[in-house]
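Below is one structure, written out as structure tokens; the observations come after it.
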Number of protein chains: 2
Amino acid sequence: MTEPLSLSLSDIEAAAERIAPHARVTPVLESETLNAQLGAQVFCKAEMLQRTGAFKFRGACNAIAQLSDEERQRGVLTYSSGNHGQAISRAAALFGVEATVIMPTDAPTIKMNATRHWGATIVEYDRYNETRPEVAERVMAESEGPPPLLIPPYDHPGVMAGQGTVGLELARQVPDLDMVFVCLGGGGLLSGVATAVKAMNPDVHVVGVEPETGDDHRQSRAAGQRVSLPAVPRTIADGQQTLAPGEHTWPITDRLTDTFTAATDDELISTMRLIFDQFKVVAEPSGACALAGAIHRGLIEPGMRVGVTLSGGNVDPTAFADWINR
Amino acid sequence: MTEPLSLSLSDIEAAAERIAPHARVTPVLESETLNAQLGAQVFCKAEMLQRTGAFKFRGACNAIAQLSDEERQRGVLTYSSGNHGQAISRAAALFGVEATVIMPTDAPTIKMNATRHWGATIVEYDRYNETRPEVAERVMAESEGPPPLLIPPYDHPGVMAGQGTVGLELARQVPDLDMVFVCLGGGGLLSGVATAVKAMNPDVHVVGVEPETGDDHRQSRAAGQRVSLPAVPRTIADGQQTLAPGEHTWPITDRLTDTFTAATDDELISTMRLIFDQFKVVAEPSGACALAGAIHRGLIEPGMRVGVTLSGGNVDPTAFADWINR
């Protein structure tokens with residue numbers, strides 16, 4: 001067992017300064033209609049308006065910005081079928097660093113193209129016969145010079161601190177929040193946001209929201225230890241199909257999260273439609289998960305001030321058209 | 001002929017102060033991919049994120065905020081099948097003013113519901129047998145006390161000054177713009193935005209963009225006088241189906257607009273899709289019109305800094321799903 005990683009508000013403040021020249025300060029959106037429906041004030045942090053369309057750019061940028069010159073020359077490596085891969089590809093190009101992204105052969109073309117668009121080399125693998133760490137080891141072993149540095153999607157201090165800037169910005173934009181709902185996959189975003197908002201106000205109630213079929217954090221909380229799901233969960237929330245809480249994120253998310261809860265695919269779909277109707281922005285299923293939990297789990301009390309992460313908007317137009325049109 | 005109405009930067013600055021407690025300062029969005037495609041920097045003013053989902057709230061709010069107590073007691077009246085009606089309904093409710101909105105019997109249910117939602121009374125009329133001014137006169141004649149005040153969609157000094165705050169904000173958010181593209185129907189937004197941005201920088205090139213089939217401003221410029229179209233133009237841009245430039249807006253838009261141009265429905269559709277893909281926000285057809293002109297008319301030169309209004313996002317989900325999915 002690795003030593004638990006520490007993450008503090010000052011790490012996140014340093015990350016915010018580091019990424020400021022590259023990342024966007026995303027706006028906080030409100031809907032009068034939703035506020036009236038919930039009897040509360042809901043402030044949505046619109047990370048689909050972040051560079052590359054998701055919060056993931058923050059963590060990738062912070063991790064790469066911290067590399068030494070020698071490390072930058074070695075390049076970076078990651079595995080991701082989604083937003084983290086695009087974020088690493090874009091951030092690496094900004095710093096003149098070569099990036100390799102390991103993606104399953106059957107990843108959506110749209111996501112492969114977006115990752116390739118910013119300059120990363122894609123290494124495809126057969127996800128039914130190899131695991132991602134195996135492929136990563138192979139890529140590192142096959143490199144001619146010193147191997148590239150691995151920047152995994154969430155279990156990484158620079159990534160976690162970078163994602164935490166979502167919470168830092170939100171708390172600065174909206175003081176006196178009573179409750180914060182965060183989209184939850186491996187725990188990168190939640191570990192960072194919870195660290196930031198709890199440091200700024202220990203009384204804020206932090207809620208992590210997973211897809212109903214992929215509730216490994218909720219199960220881990222109930223079991224008192226990290227629990228792994230037996231198989232990749234079936235859900236439309238393709239950014240949240242992790243099998244278990246991250247090794248490094250879990251000690252932090254477990255300590256700082258007041259409630260782990262979940263949302264069904266039907267709730268994600270109706271929430272994407274609500275975000276379209278009321279907020280006029282595009283949310284992908286994983287990006288709507290926190291708001292779905294805020295709307296459907298009955299945790300919000302009248303008069304509360306509630307922060308919600310809308311974490312990304314990278315979604316296939318055909319699927320999106322179907323979902324908003326049901 | 002009525003005396004030409006004056007509109008100055010100070011009118012617009014006063015409007016900005018007046019609406020500040022109620023309206024949102026909307027963010028300016030960028031797409032790296034679009035910038036690379038055009039070889040320029042394009043700054044999109046995201047008015048779909050304005051209250052009621054369109055810039056129209058600014059003008060409605062400014063007009064109603066200027067009413068005296070006696071006028072507020074009389075209530076307000078307007079005709080609009082779209083965003084201006086919703087904006088008047090919402091703004092009137094904020095000031096405790098009764099609002100009546102004249103809408104055609106066959107207006108989309110979604111727009112009628114949104115207008116009714118904020119409290120306005122809807123008066124329906126048969127648009128094939130009556131004109132809107134006739135219905136407005138009838139409503140005013142039938143009122144028991146002093147008649148309500150008419151706040152038309154664009155030919156009104158308070159409305160024009162309110163819409164101008166879009167330009168004032170944009171120029172403050174993005175200094176040194178070379179060119180500004182504005183969505184153009186009756187000319188309320190264009191008259192205000194052109195007044196603001198030209199007063200702040202006389203060298204900025206202002207472009208008004210109409211739907212191709214409803215190019216009454218372009219025709220009027222060519223004829224040297226206001227020209228009326230023979231029939232309501234067929235276009236998906238339902239916010240821009242005006243027959244002629246406004247009586248009060250035209251002297252201003254004619255004087256301050258460098259180029260009148262137009263975009264086809266196909267260009268509006270591909271631009272809505274681009275806004276979905278690259279900006280992750282929802283634009284209605286009329287809301288995409290200025291960007292369609294910026295992309296397709298070849299007016300932008302390399303290295304330019306270009307402002308664009310994305311004017312609204314109130315669109316039927318079924319139609320939107322069809323458009324982004326072509």
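Identifiers for the structure tokens are assigned positionally: chains receive A, B, ... in sequence, residues are indexed from 1 per chain, and ligands are indexed from 1 in the order shown.
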
Excluding A:Glu210 and any residue of its chain fewer than 4 positions from it, enumerate the residues within 8 Å of it, using only C-alpha atoms, and give them as a ChimeraX atom specification.
-> /A:183-185,214-215,217,240,260-263,289-290

What does the file look like for those residues with C-alpha atoms, as a PDB file, in the first residue's frame?
ATOM      1  CA  CYS A 183     -19.844  14.287 -10.581  1.00  0.00           C
ATOM      2  CA  LEU A 184     -17.973  11.174  -9.451  1.00  0.00           C
ATOM      3  CA  GLY A 185     -16.071   8.565 -11.487  1.00  0.00           C
ATOM      4  CA  GLY A 214     -21.521   2.135 -11.103  1.00  0.00           C
ATOM      5  CA  ASP A 215     -21.861   3.007  -7.432  1.00  0.00           C
ATOM      6  CA  HIS A 217     -17.967   4.707  -3.927  1.00  0.00           C
ATOM      7  CA  GLN A 240     -17.915   7.377 -14.941  1.00  0.00           C
ATOM      8  CA  PHE A 260     -22.331   9.257  -1.735  1.00  0.00           C
ATOM      9  CA  THR A 261     -25.371   8.835  -3.930  1.00  0.00           C
ATOM     10  CA  ALA A 262     -26.284   7.887  -7.492  1.00  0.00           C
ATOM     11  CA  ALA A 263     -28.496   8.749 -10.466  1.00  0.00           C
ATOM     12  CA  CYS A 289     -24.807  13.438 -13.107  1.00  0.00           C
ATOM     13  CA  ALA A 290     -24.310  15.845 -10.202  1.00  0.00           C
TER      14      ALA A 290
END

Could you list, as number ranges by chain, the residues of chain B having an atom within 6 Å of chain A when counting only C-alpha atoms?
-> B: 280-282, 317-318, 321, 325

Compile the contact shell of stretch 195-197 of chain B as JSON, numbers by chain: residues with an atom at most 8 Å away, counting only C-alpha atoms, same-chain residues fewer than 4 positions apart removed.
-> {"B": [7, 8, 9, 12, 164, 165, 167, 168, 171, 191, 201, 202, 204, 252, 256]}

Check stretch 257-293 of chain A with DSSP on the backbone and list each residue it calls strand (DSSP E or B), as a count of residues only.
-> 6

For each of B:Asp126, B:Glu301, B:Glu71, B:Asp203, take the minimum atom-to-atom distance to B:Val42, counting only C-alpha atoms, then give the residue where this is smallest.
->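 Checking each candidate against B:Val42, we get B:Glu301 as the closest.
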
Nearest candidate to B:Asn62 (options B:Ser80, B:Ser270, B:Gln163, B:Thr131; using only C-alpha atoms) =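 Going through B:Ser80, B:Ser270, B:Gln163, B:Thr131 one by one, the smallest distance to B:Asn62 is for B:Gln163.
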
Point out the residue among A:Gly158, A:His22, A:Gly96, A:Asp216 with the least atom-to-atom distance to A:Asp69, counting only C-alpha atoms.
->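 Smallest distance to A:Asp69 is found for A:Gly96.
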
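The space separating atom CA of A:Leu34 from atom CA of A:Gly293 comes to 13.6 Å.
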
When distances are computed from only C-alpha atoms, which of A:Ala36, A:Leu5, A:Cys61, A:Leu77 shows the smallest separation from A:Ala20?
->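 Checking each of A:Ala36, A:Leu5, A:Cys61, A:Leu77 against A:Ala20, counting only C-alpha atoms, the winner is A:Cys61.
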